[in-house]
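The data block below is run02.csv; it holds CSV, N, CA and C atoms.
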```
chain,number,residue,atom,x,y,z
A,753,MET,N,-27.2,-106.1,21.7
A,753,MET,CA,-26.5,-107.0,20.8
A,753,MET,C,-27.4,-107.5,19.7
A,754,LYS,N,-27.0,-107.4,18.5
A,754,LYS,CA,-27.8,-107.9,17.4
A,754,LYS,C,-28.0,-109.4,17.4
A,755,PRO,N,-29.2,-109.9,17.0
A,755,PRO,CA,-29.5,-111.3,17.0
A,755,PRO,C,-28.4,-112.2,16.4
A,756,VAL,N,-27.8,-111.8,15.2
A,756,VAL,CA,-26.8,-112.6,14.6
A,756,VAL,C,-25.6,-112.7,15.5
A,757,ALA,N,-25.2,-111.6,16.2
A,757,ALA,CA,-24.1,-111.7,17.1
A,757,ALA,C,-24.3,-112.6,18.3
A,758,VAL,N,-25.6,-112.7,18.8
A,758,VAL,CA,-26.0,-113.6,19.8
A,758,VAL,C,-25.8,-115.0,19.4
A,759,VAL,N,-26.2,-115.4,18.2
A,759,VAL,CA,-26.1,-116.7,17.7
A,759,VAL,C,-24.7,-117.1,17.4
A,760,GLU,N,-23.9,-116.2,16.9
A,760,GLU,CA,-22.5,-116.4,16.7
A,760,GLU,C,-21.8,-116.7,18.0
A,761,ALA,N,-22.1,-115.9,19.1
A,761,ALA,CA,-21.5,-116.1,20.4
A,761,ALA,C,-21.9,-117.4,21.0
A,762,TYR,N,-23.2,-117.9,20.7
A,762,TYR,CA,-23.6,-119.2,21.2
A,762,TYR,C,-22.8,-120.3,20.6
A,763,TRP,N,-22.6,-120.2,19.3
A,763,TRP,CA,-21.8,-121.3,18.6
A,763,TRP,C,-20.3,-121.3,19.1
A,764,GLN,N,-19.8,-120.1,19.3
A,764,GLN,CA,-18.4,-120.0,19.9
A,764,GLN,C,-18.4,-120.7,21.2
A,765,ALA,N,-19.4,-120.4,22.1
A,765,ALA,CA,-19.4,-121.1,23.4
A,765,ALA,C,-19.6,-122.6,23.2
A,766,MET,N,-20.4,-123.1,22.3
A,766,MET,CA,-20.5,-124.5,22.0
A,766,MET,C,-19.1,-125.1,21.7
A,767,GLN,N,-18.3,-124.4,21.0
A,767,GLN,CA,-17.0,-124.8,20.6
A,767,GLN,C,-16.2,-125.2,21.8
A,768,SER,N,-16.4,-124.6,22.9
A,768,SER,CA,-15.6,-124.9,24.1
A,768,SER,C,-16.0,-126.2,24.7
A,769,ASN,N,-17.1,-126.8,24.3
A,769,ASN,CA,-17.6,-128.1,24.9
A,769,ASN,C,-18.0,-127.9,26.3
A,770,ASP,N,-18.1,-126.6,26.8
A,770,ASP,CA,-18.7,-126.3,28.1
A,770,ASP,C,-20.1,-125.9,27.9
A,771,PHE,N,-21.0,-126.9,27.9
A,771,PHE,CA,-22.4,-126.6,27.5
A,771,PHE,C,-23.1,-125.8,28.5
A,772,ALA,N,-22.7,-125.7,29.7
A,772,ALA,CA,-23.3,-124.7,30.7
A,772,ALA,C,-23.0,-123.3,30.3
A,773,ARG,N,-21.7,-123.1,29.8
A,773,ARG,CA,-21.3,-121.8,29.2
A,773,ARG,C,-22.2,-121.4,28.0
A,774,ALA,N,-22.4,-122.4,27.1
A,774,ALA,CA,-23.2,-122.1,26.0
A,774,ALA,C,-24.7,-121.8,26.3
A,775,ALA,N,-25.2,-122.5,27.4
A,775,ALA,CA,-26.5,-122.3,27.8
A,775,ALA,C,-26.8,-120.9,28.4
A,776,ARG,N,-25.7,-120.2,28.7
A,776,ARG,CA,-25.9,-118.8,29.2
A,776,ARG,C,-26.5,-117.9,28.1
A,777,TRP,N,-26.4,-118.3,26.8
A,777,TRP,CA,-26.9,-117.6,25.7
A,777,TRP,C,-28.4,-117.9,25.4
A,778,LEU,N,-29.0,-118.8,26.3
A,778,LEU,CA,-30.3,-119.3,26.1
A,778,LEU,C,-31.2,-118.6,27.1
A,779,GLY,N,-32.5,-118.3,26.7
A,779,GLY,CA,-33.4,-117.6,27.5
A,779,GLY,C,-33.9,-118.5,28.7
A,780,ASP,N,-34.6,-117.9,29.6
A,780,ASP,CA,-35.1,-118.7,30.8
A,780,ASP,C,-36.1,-119.7,30.4
A,781,GLU,N,-36.9,-119.5,29.4
A,781,GLU,CA,-37.9,-120.4,28.9
A,781,GLU,C,-37.5,-121.1,27.6
A,782,PHE,N,-36.3,-121.3,27.4
A,782,PHE,CA,-35.7,-121.9,26.2
A,782,PHE,C,-36.5,-123.1,25.7
A,783,VAL,N,-36.7,-123.2,24.4
A,783,VAL,CA,-37.3,-124.4,23.8
A,783,VAL,C,-36.6,-124.7,22.5
A,784,CYS,N,-36.2,-126.0,22.4
A,784,CYS,CA,-35.5,-126.5,21.2
A,784,CYS,C,-36.3,-127.7,20.6
A,785,ASP,N,-36.7,-127.6,19.4
A,785,ASP,CA,-37.4,-128.7,18.7
A,785,ASP,C,-36.5,-129.4,17.7
A,786,TRP,N,-36.5,-130.7,17.8
A,786,TRP,CA,-35.9,-131.6,16.8
A,786,TRP,C,-37.0,-132.3,16.0
A,787,PRO,N,-37.5,-131.7,14.9
A,787,PRO,CA,-38.6,-132.3,14.2
A,787,PRO,C,-38.4,-133.7,13.7
A,788,GLN,N,-37.2,-134.0,13.3
A,788,GLN,CA,-36.9,-135.3,12.7
A,788,GLN,C,-37.1,-136.4,13.6
A,789,SER,N,-36.8,-136.2,14.9
A,789,SER,CA,-37.0,-137.3,15.9
A,789,SER,C,-38.2,-137.0,16.8
A,790,GLY,N,-38.9,-135.9,16.5
A,790,GLY,CA,-40.1,-135.6,17.3
A,790,GLY,C,-39.9,-135.3,18.8
A,791,GLU,N,-38.7,-134.6,19.1
A,791,GLU,CA,-38.3,-134.3,20.4
A,791,GLU,C,-38.3,-132.8,20.7
A,792,ARG,N,-38.6,-132.5,21.9
A,792,ARG,CA,-38.5,-131.1,22.4
A,792,ARG,C,-37.7,-131.0,23.6
A,793,ILE,N,-36.7,-130.1,23.6
A,793,ILE,CA,-35.9,-129.8,24.8
A,793,ILE,C,-36.4,-128.6,25.5
A,794,LEU,N,-36.8,-128.7,26.7
A,794,LEU,CA,-37.3,-127.6,27.5
A,794,LEU,C,-36.3,-127.1,28.5
A,795,GLY,N,-35.9,-125.9,28.4
A,795,GLY,CA,-35.1,-125.3,29.5
A,795,GLY,C,-33.6,-125.5,29.3
A,796,ARG,N,-32.8,-124.6,29.9
A,796,ARG,CA,-31.4,-124.7,29.9
A,796,ARG,C,-30.8,-126.0,30.5
A,797,CYS,N,-31.3,-126.4,31.6
A,797,CYS,CA,-30.8,-127.6,32.3
A,797,CYS,C,-30.9,-128.8,31.4
A,798,ASN,N,-32.0,-129.0,30.7
A,798,ASN,CA,-32.1,-130.2,29.8
A,798,ASN,C,-31.2,-130.0,28.6
A,799,PHE,N,-31.0,-128.8,28.1
A,799,PHE,CA,-30.1,-128.6,27.0
A,799,PHE,C,-28.7,-129.0,27.4
A,800,VAL,N,-28.3,-128.6,28.6
A,800,VAL,CA,-26.9,-128.9,29.1
A,800,VAL,C,-26.7,-130.4,29.2
A,801,GLU,N,-27.7,-131.1,29.8
A,801,GLU,CA,-27.6,-132.5,30.1
A,801,GLU,C,-27.6,-133.3,28.8
A,802,ILE,N,-28.4,-133.0,27.9
A,802,ILE,CA,-28.5,-133.8,26.6
A,802,ILE,C,-27.1,-133.6,25.9
A,803,ASN,N,-26.6,-132.4,25.9
A,803,ASN,CA,-25.3,-132.2,25.2
A,803,ASN,C,-24.1,-132.8,26.0
A,804,ARG,N,-24.1,-132.8,27.3
A,804,ARG,CA,-23.1,-133.4,28.1
A,804,ARG,C,-23.1,-134.9,27.9
A,805,ARG,N,-24.2,-135.5,27.8
A,805,ARG,CA,-24.4,-137.0,27.8
A,805,ARG,C,-24.4,-137.5,26.3
A,806,TYR,N,-24.4,-136.7,25.3
A,806,TYR,CA,-24.4,-137.2,24.0
A,806,TYR,C,-23.2,-138.0,23.7
A,807,PRO,N,-23.3,-139.2,23.2
A,807,PRO,CA,-22.1,-140.0,22.9
A,807,PRO,C,-21.2,-139.4,21.9
A,808,ALA,N,-19.9,-139.3,22.2
A,808,ALA,CA,-18.9,-138.7,21.3
A,808,ALA,C,-17.6,-139.4,21.4
A,809,ALA,N,-16.9,-139.4,20.3
A,809,ALA,CA,-15.5,-140.0,20.2
A,809,ALA,C,-14.5,-139.1,20.8
A,810,GLY,N,-14.8,-137.8,20.9
A,810,GLY,CA,-13.9,-136.8,21.3
A,810,GLY,C,-14.6,-135.5,21.5
A,811,PRO,N,-13.9,-134.4,21.7
A,811,PRO,CA,-14.5,-133.1,21.9
A,811,PRO,C,-15.2,-132.7,20.6
A,812,TRP,N,-16.3,-132.1,20.7
A,812,TRP,CA,-17.1,-131.6,19.5
A,812,TRP,C,-16.4,-130.3,19.0
A,813,SER,N,-16.4,-130.2,17.7
A,813,SER,CA,-16.0,-129.0,17.0
A,813,SER,C,-17.1,-128.4,16.2
A,814,PHE,N,-17.3,-127.1,16.3
A,814,PHE,CA,-18.4,-126.5,15.6
A,814,PHE,C,-17.9,-125.4,14.7
A,815,THR,N,-18.2,-125.5,13.4
A,815,THR,CA,-17.7,-124.5,12.4
A,815,THR,C,-18.9,-123.9,11.7
A,816,ILE,N,-19.0,-122.6,11.9
A,816,ILE,CA,-20.1,-121.9,11.2
A,816,ILE,C,-19.9,-121.8,9.7
A,817,VAL,N,-20.8,-122.3,8.9
A,817,VAL,CA,-20.7,-122.2,7.5
A,817,VAL,C,-21.3,-120.9,7.0
A,818,ARG,N,-22.5,-120.6,7.6
A,818,ARG,CA,-23.2,-119.3,7.3
A,818,ARG,C,-24.3,-119.0,8.3
A,819,LEU,N,-24.5,-117.7,8.4
A,819,LEU,CA,-25.6,-117.1,9.3
A,819,LEU,C,-26.4,-116.2,8.4
A,820,LEU,N,-27.7,-116.3,8.5
A,820,LEU,CA,-28.6,-115.5,7.8
A,820,LEU,C,-29.6,-114.9,8.8
A,821,ALA,N,-29.8,-113.6,8.8
A,821,ALA,CA,-30.6,-113.0,9.8
A,821,ALA,C,-31.7,-112.1,9.2
A,822,GLN,N,-32.8,-112.1,9.8
A,822,GLN,CA,-33.9,-111.1,9.4
A,822,GLN,C,-34.6,-110.8,10.7
A,823,GLY,N,-34.5,-109.6,11.2
A,823,GLY,CA,-35.1,-109.2,12.5
A,823,GLY,C,-34.6,-110.0,13.6
A,824,ASP,N,-35.5,-110.6,14.4
A,824,ASP,CA,-35.0,-111.4,15.5
A,824,ASP,C,-34.8,-112.9,15.2
A,825,GLU,N,-34.9,-113.2,13.9
A,825,GLU,CA,-34.7,-114.6,13.5
A,825,GLU,C,-33.3,-114.8,12.8
A,826,VAL,N,-32.6,-115.9,13.2
A,826,VAL,CA,-31.3,-116.2,12.6
A,826,VAL,C,-31.3,-117.6,12.2
A,827,VAL,N,-30.8,-117.9,11.0
A,827,VAL,CA,-30.6,-119.3,10.6
A,827,VAL,C,-29.1,-119.5,10.5
A,828,SER,N,-28.7,-120.7,11.1
A,828,SER,CA,-27.3,-121.0,11.0
A,828,SER,C,-27.1,-122.4,10.4
A,829,GLU,N,-26.0,-122.5,9.6
A,829,GLU,CA,-25.6,-123.7,9.0
A,829,GLU,C,-24.2,-124.0,9.7
A,830,VAL,N,-24.1,-125.1,10.4
A,830,VAL,CA,-22.9,-125.4,11.1
A,830,VAL,C,-22.4,-126.8,10.9
A,831,GLN,N,-21.1,-126.9,10.6
A,831,GLN,CA,-20.5,-128.3,10.5
A,831,GLN,C,-20.1,-128.7,11.9
A,832,ILE,N,-20.4,-129.9,12.3
A,832,ILE,CA,-20.1,-130.4,13.6
A,832,ILE,C,-19.4,-131.8,13.5
A,833,THR,N,-18.3,-131.9,14.3
A,833,THR,CA,-17.6,-133.2,14.3
A,833,THR,C,-17.0,-133.5,15.6
A,834,ASP,N,-16.9,-134.8,15.9
A,834,ASP,CA,-16.2,-135.2,17.1
A,834,ASP,C,-14.9,-136.0,16.7
A,835,GLY,N,-14.6,-135.9,15.4
A,835,GLY,CA,-13.4,-136.6,14.8
A,835,GLY,C,-13.9,-137.8,14.1
A,836,VAL,N,-15.0,-138.4,14.5
A,836,VAL,CA,-15.5,-139.6,13.8
A,836,VAL,C,-16.8,-139.2,13.1
A,837,VAL,N,-17.7,-138.6,13.8
A,837,VAL,CA,-19.0,-138.2,13.2
A,837,VAL,C,-18.8,-136.8,12.6
A,838,HIS,N,-19.3,-136.7,11.4
A,838,HIS,CA,-19.3,-135.5,10.6
A,838,HIS,C,-20.7,-135.1,10.3
A,839,ALA,N,-21.2,-134.1,10.9
A,839,ALA,CA,-22.6,-133.7,10.7
A,839,ALA,C,-22.7,-132.2,10.3
A,840,ARG,N,-23.9,-131.9,9.9
A,840,ARG,CA,-24.3,-130.5,9.5
A,840,ARG,C,-25.6,-130.3,10.2
A,841,ALA,N,-25.7,-129.2,10.9
A,841,ALA,CA,-27.0,-128.8,11.5
A,841,ALA,C,-27.5,-127.5,10.9
A,842,ILE,N,-28.7,-127.5,10.6
A,842,ILE,CA,-29.4,-126.3,10.1
A,842,ILE,C,-30.3,-125.9,11.3
A,843,THR,N,-30.1,-124.7,11.9
A,843,THR,CA,-30.8,-124.3,13.0
A,843,THR,C,-31.5,-122.9,12.8
A,844,PHE,N,-32.8,-122.9,13.1
A,844,PHE,CA,-33.6,-121.7,13.1
A,844,PHE,C,-33.7,-121.2,14.5
A,845,HIS,N,-33.1,-120.0,14.8
A,845,HIS,CA,-33.0,-119.4,16.1
A,845,HIS,C,-34.0,-118.2,16.2
A,846,ARG,N,-34.7,-118.0,17.3
A,846,ARG,CA,-35.4,-116.8,17.6
A,846,ARG,C,-34.8,-116.2,18.8
A,847,VAL,N,-34.4,-114.9,18.7
A,847,VAL,CA,-33.6,-114.2,19.7
A,847,VAL,C,-34.5,-113.1,20.3
A,848,GLU,N,-34.5,-113.0,21.6
A,848,GLU,CA,-35.1,-111.9,22.3
A,848,GLU,C,-34.1,-111.2,23.1
A,849,GLY,N,-33.8,-109.9,22.9
A,849,GLY,CA,-32.8,-109.3,23.7
A,849,GLY,C,-31.4,-109.9,23.3
A,850,ASP,N,-30.8,-110.4,24.3
A,850,ASP,CA,-29.5,-111.0,24.0
A,850,ASP,C,-29.5,-112.5,24.4
A,851,ARG,N,-30.7,-113.1,24.2
A,851,ARG,CA,-30.8,-114.6,24.5
A,851,ARG,C,-31.6,-115.3,23.4
A,852,ILE,N,-31.2,-116.5,23.1
A,852,ILE,CA,-31.9,-117.4,22.2
A,852,ILE,C,-33.1,-118.0,23.0
A,853,VAL,N,-34.3,-117.8,22.5
A,853,VAL,CA,-35.4,-118.3,23.3
A,853,VAL,C,-36.1,-119.5,22.6
A,854,GLN,N,-35.8,-119.7,21.3
A,854,GLN,CA,-36.4,-120.9,20.6
A,854,GLN,C,-35.4,-121.3,19.5
A,855,GLN,N,-35.3,-122.6,19.3
A,855,GLN,CA,-34.6,-123.2,18.2
A,855,GLN,C,-35.4,-124.3,17.6
A,856,THR,N,-35.3,-124.4,16.3
A,856,THR,CA,-35.8,-125.6,15.6
A,856,THR,C,-34.5,-126.1,14.8
A,857,GLU,N,-34.1,-127.3,15.1
A,857,GLU,CA,-32.9,-127.8,14.5
A,857,GLU,C,-33.1,-129.0,13.7
A,858,TYR,N,-32.4,-129.0,12.5
A,858,TYR,CA,-32.5,-130.2,11.6
A,858,TYR,C,-31.1,-130.7,11.4
A,859,TRP,N,-31.0,-132.0,11.5
A,859,TRP,CA,-29.7,-132.7,11.3
A,859,TRP,C,-29.8,-133.6,10.0
A,860,PRO,N,-29.6,-133.1,8.9
A,860,PRO,CA,-29.8,-133.9,7.6
A,860,PRO,C,-28.7,-134.9,7.5
A,861,GLU,N,-29.1,-136.1,7.1
A,861,GLU,CA,-28.2,-137.2,6.9
A,861,GLU,C,-27.8,-137.2,5.4
A,862,PRO,N,-26.5,-137.3,5.2
A,862,PRO,CA,-26.1,-137.4,3.8
A,862,PRO,C,-26.5,-138.8,3.2
A,863,TYR,N,-26.7,-138.8,1.9
A,863,TYR,CA,-27.1,-140.1,1.2
A,863,TYR,C,-26.5,-140.1,-0.2
A,864,GLU,N,-26.4,-141.3,-0.7
A,864,GLU,CA,-25.9,-141.4,-2.1
A,864,GLU,C,-27.0,-141.0,-3.1
A,865,ALA,N,-26.6,-140.2,-4.0
A,865,ALA,CA,-27.6,-139.8,-5.1
A,865,ALA,C,-28.0,-141.0,-5.9
A,866,PRO,N,-29.3,-141.0,-6.3
A,866,PRO,CA,-29.8,-142.1,-7.1
A,866,PRO,C,-29.2,-142.0,-8.5
A,867,ALA,N,-28.9,-143.2,-9.1
A,867,ALA,CA,-28.2,-143.3,-10.4
A,867,ALA,C,-29.1,-142.6,-11.5
A,868,TRP,N,-30.4,-142.7,-11.4
A,868,TRP,CA,-31.3,-142.2,-12.5
A,868,TRP,C,-31.1,-140.7,-12.7
A,869,ARG,N,-30.5,-139.9,-11.7
A,869,ARG,CA,-30.4,-138.5,-11.9
A,869,ARG,C,-29.1,-138.1,-12.6
A,870,ARG,N,-28.2,-139.0,-12.7
A,870,ARG,CA,-26.8,-138.7,-13.3
A,870,ARG,C,-26.8,-137.9,-14.5
A,871,PRO,N,-27.7,-138.1,-15.5
A,871,PRO,CA,-27.6,-137.3,-16.7
A,871,PRO,C,-27.9,-135.8,-16.5
A,872,TRP,N,-28.4,-135.4,-15.4
A,872,TRP,CA,-28.8,-134.0,-15.2
A,872,TRP,C,-28.1,-133.3,-14.1
A,873,VAL,N,-27.2,-134.0,-13.4
A,873,VAL,CA,-26.5,-133.4,-12.2
A,873,VAL,C,-25.0,-133.6,-12.3
A,874,SER,N,-24.3,-132.9,-11.6
A,874,SER,CA,-22.9,-133.2,-11.4
A,874,SER,C,-22.6,-133.4,-9.9
A,875,LYS,N,-21.5,-134.0,-9.6
A,875,LYS,CA,-21.2,-134.4,-8.2
A,875,LYS,C,-20.5,-133.1,-7.6
A,876,LEU,N,-21.0,-132.8,-6.3
A,876,LEU,CA,-20.4,-131.7,-5.6
A,876,LEU,C,-18.9,-132.1,-5.2
A,877,THR,N,-18.0,-131.2,-5.3
A,877,THR,CA,-16.7,-131.4,-4.8
A,877,THR,C,-16.7,-131.0,-3.3
A,878,ARG,N,-16.4,-132.0,-2.5
A,878,ARG,CA,-16.4,-131.7,-1.0
A,878,ARG,C,-15.0,-131.8,-0.4
A,879,THR,N,-14.7,-130.8,0.4
A,879,THR,CA,-13.5,-130.9,1.2
A,879,THR,C,-13.8,-131.7,2.5
A,880,PRO,N,-12.8,-132.3,3.1
A,880,PRO,CA,-13.1,-133.1,4.3
A,880,PRO,C,-14.0,-132.5,5.4
A,881,GLU,N,-13.8,-131.2,5.6
A,881,GLU,CA,-14.6,-130.5,6.6
A,881,GLU,C,-16.1,-130.3,6.2
A,882,LEU,N,-16.4,-130.6,4.9
A,882,LEU,CA,-17.8,-130.5,4.5
A,882,LEU,C,-18.5,-131.8,4.4
A,883,VAL,N,-17.8,-132.9,4.8
A,883,VAL,CA,-18.4,-134.2,4.7
A,883,VAL,C,-19.5,-134.4,5.8
```

Can I see the file as structure tokens?
Amino acid sequence: MKPVAVVEAYWQAMQSNDFARAARWLGDEFVCDWPQSGERILGRCNFVEINRRYPAAGPWSFTIVRLLAQGDEVVSEVQITDGVVHARAITFHRVEGDRIVQQTEYWPEPYEAPAWRRPWVSKLTRTPELV
């Protein structure tokens, strides 16, 4: 299975909100880094528990915006929502065989553009699913 297909299957499994099912796409020695908060998730079990226990208003929905692949590395941009929270995750995946063995994941927070830049920029038109 190509690395991009593995990552796509992982996000499809995440869509089910059955995080044990999604963890089947992770390697035995899976590592996930969240640089913004300085955290590291080690192993499938910790991955499952952090996702099961993450506070949510409802089931999570995951929509792939784009996947870029080069060799065994895949980058995904995914919109994520529970109906109240609207987030975007940028994830760097390393795939070995048919398993994701390492992820580095960024959760950028939207912010209001500073007024001083207005003369040189235009406002992005966003659809609700891109918020």

Give me, please, the distance in Å between CA of Gly795 in chain A and atom N of Arg851 in chain A, quoted to one decimal.
->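 The value is 14.0 Å.
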
Pick out the residues sitting within 7 Å of Thr833 in chain A, and hand them over as a PyMOL selection string; count all atoms listed in the file, and ignore anything fewer than 4 positions along from it in its own chain.
-> chain A and resi 810-815+837-839

For N, CA and C atoms, I'd like the residues from the last selection saved as a short mmCIF file (atom, residue, chain, number, x, y, z; two decimals), in the frame of the given file.
```cif
data_model
loop_
_atom_site.label_atom_id
_atom_site.label_comp_id
_atom_site.auth_asym_id
_atom_site.auth_seq_id
_atom_site.Cartn_x
_atom_site.Cartn_y
_atom_site.Cartn_z
N GLY A 810 -14.80 -137.80 20.90
CA GLY A 810 -13.90 -136.80 21.30
C GLY A 810 -14.60 -135.50 21.50
N PRO A 811 -13.90 -134.40 21.70
CA PRO A 811 -14.50 -133.10 21.90
C PRO A 811 -15.20 -132.70 20.60
N TRP A 812 -16.30 -132.10 20.70
CA TRP A 812 -17.10 -131.60 19.50
C TRP A 812 -16.40 -130.30 19.00
N SER A 813 -16.40 -130.20 17.70
CA SER A 813 -16.00 -129.00 17.00
C SER A 813 -17.10 -128.40 16.20
N PHE A 814 -17.30 -127.10 16.30
CA PHE A 814 -18.40 -126.50 15.60
C PHE A 814 -17.90 -125.40 14.70
N THR A 815 -18.20 -125.50 13.40
CA THR A 815 -17.70 -124.50 12.40
C THR A 815 -18.90 -123.90 11.70
N VAL A 837 -17.70 -138.60 13.80
CA VAL A 837 -19.00 -138.20 13.20
C VAL A 837 -18.80 -136.80 12.60
N HIS A 838 -19.30 -136.70 11.40
CA HIS A 838 -19.30 -135.50 10.60
C HIS A 838 -20.70 -135.10 10.30
N ALA A 839 -21.20 -134.10 10.90
CA ALA A 839 -22.60 -133.70 10.70
C ALA A 839 -22.70 -132.20 10.30
#
```

DSSP on the backbone: what in chain A comes out strand (DSSP E or B), as a PyMOL selection string?
-> chain A and resi 778-786+791-794+813-822+825-833+838-848+851-858

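Going from atom C of Ile832 in chain A over to atom N of Val873 in chain A, you cover 28.1 Å.
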
Can you tell me how far CA of Phe771 in chain A sits from atom C of Val800 in chain A, in Å to one decimal?
->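 Going from CA of Phe771 in chain A over to atom C of Val800 in chain A covers 6.0 Å.
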
Counting only N, CA and C atoms, which of A:Ala809, A:Glu781, A:Tyr858, A:Trp868 gets nearest to Arg796 in chain A?
-> A:Glu781

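Of the residues in chain A, those given alpha helix (DSSP H) by DSSP on the backbone are A:Pro755, A:Val756, A:Ala757, A:Val758, A:Val759, A:Glu760, A:Ala761, A:Tyr762, A:Trp763, A:Gln764, A:Ala765, A:Met766, A:Gln767, A:Phe771, A:Ala772, A:Arg773, A:Ala774, A:Ala775, A:Arg796, A:Cys797, A:Asn798, A:Phe799, A:Val800, A:Glu801, A:Ile802, A:Asn803, A:Arg804, A:Arg805.
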
Within 7 Å of (-26.9, -122.6, 7.3) (coordinates as in the file), grab all the protein and nucleic acid residues, counting only C-alpha atoms, and write them out as a list in words.
->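 Answer for this query, in the requested form: Val817, Arg818, Leu819, Val827, Ser828, Glu829, Val830 and Ile842 of chain A.
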
I'd like a table as a tab-separated table: residues in range 774-811 of chain A with an atom no more than 8 Å from range 853-856 of chain A, each row giving the shortest atom pair and its distance in Å to one decimal, only N, CA and C atoms counted, sorted by chain and rising residue number.
```
residue	atom	partner	partner_atom	distance
A:Trp777	C	A:Val853	N	6.6
A:Leu778	CA	A:Val853	N	5.6
A:Gly779	N	A:Val853	CA	4.5
A:Asp780	N	A:Val853	CA	6.4
A:Glu781	C	A:Val853	C	5.4
A:Phe782	CA	A:Val853	C	4.3
A:Val783	C	A:Gln855	N	4.0
A:Cys784	CA	A:Gln855	C	4.2
A:Asp785	N	A:Gln855	C	4.0
A:Trp786	N	A:Thr856	CA	5.6
A:Pro787	N	A:Thr856	C	6.4
```

Point (-30.1, -116.5, 20.3), cut-off 8 Å, counting all atoms listed in the file, residues as JSON, numbers by chain = {"A": [754, 755, 756, 757, 758, 759, 760, 762, 777, 778, 779, 824, 826, 845, 846, 847, 848, 849, 850, 851, 852, 853, 854]}

Using all atoms listed in the file, find the one residue out of A:Ala772, A:Val836, A:Ala841, A:Ala867 that sits nearest to Glu801 in chain A.
->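 So, comparing all the options, the nearest one is A:Ala772.
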
Identify which of the residues A:Ala808, A:Tyr863, A:Glu857, A:Leu876 lies closest to Gln788 in chain A, counting all atoms listed in the file when measuring atom-to-atom distances.
->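 With all atoms listed in the file as the atom set, the closest residue is A:Glu857.
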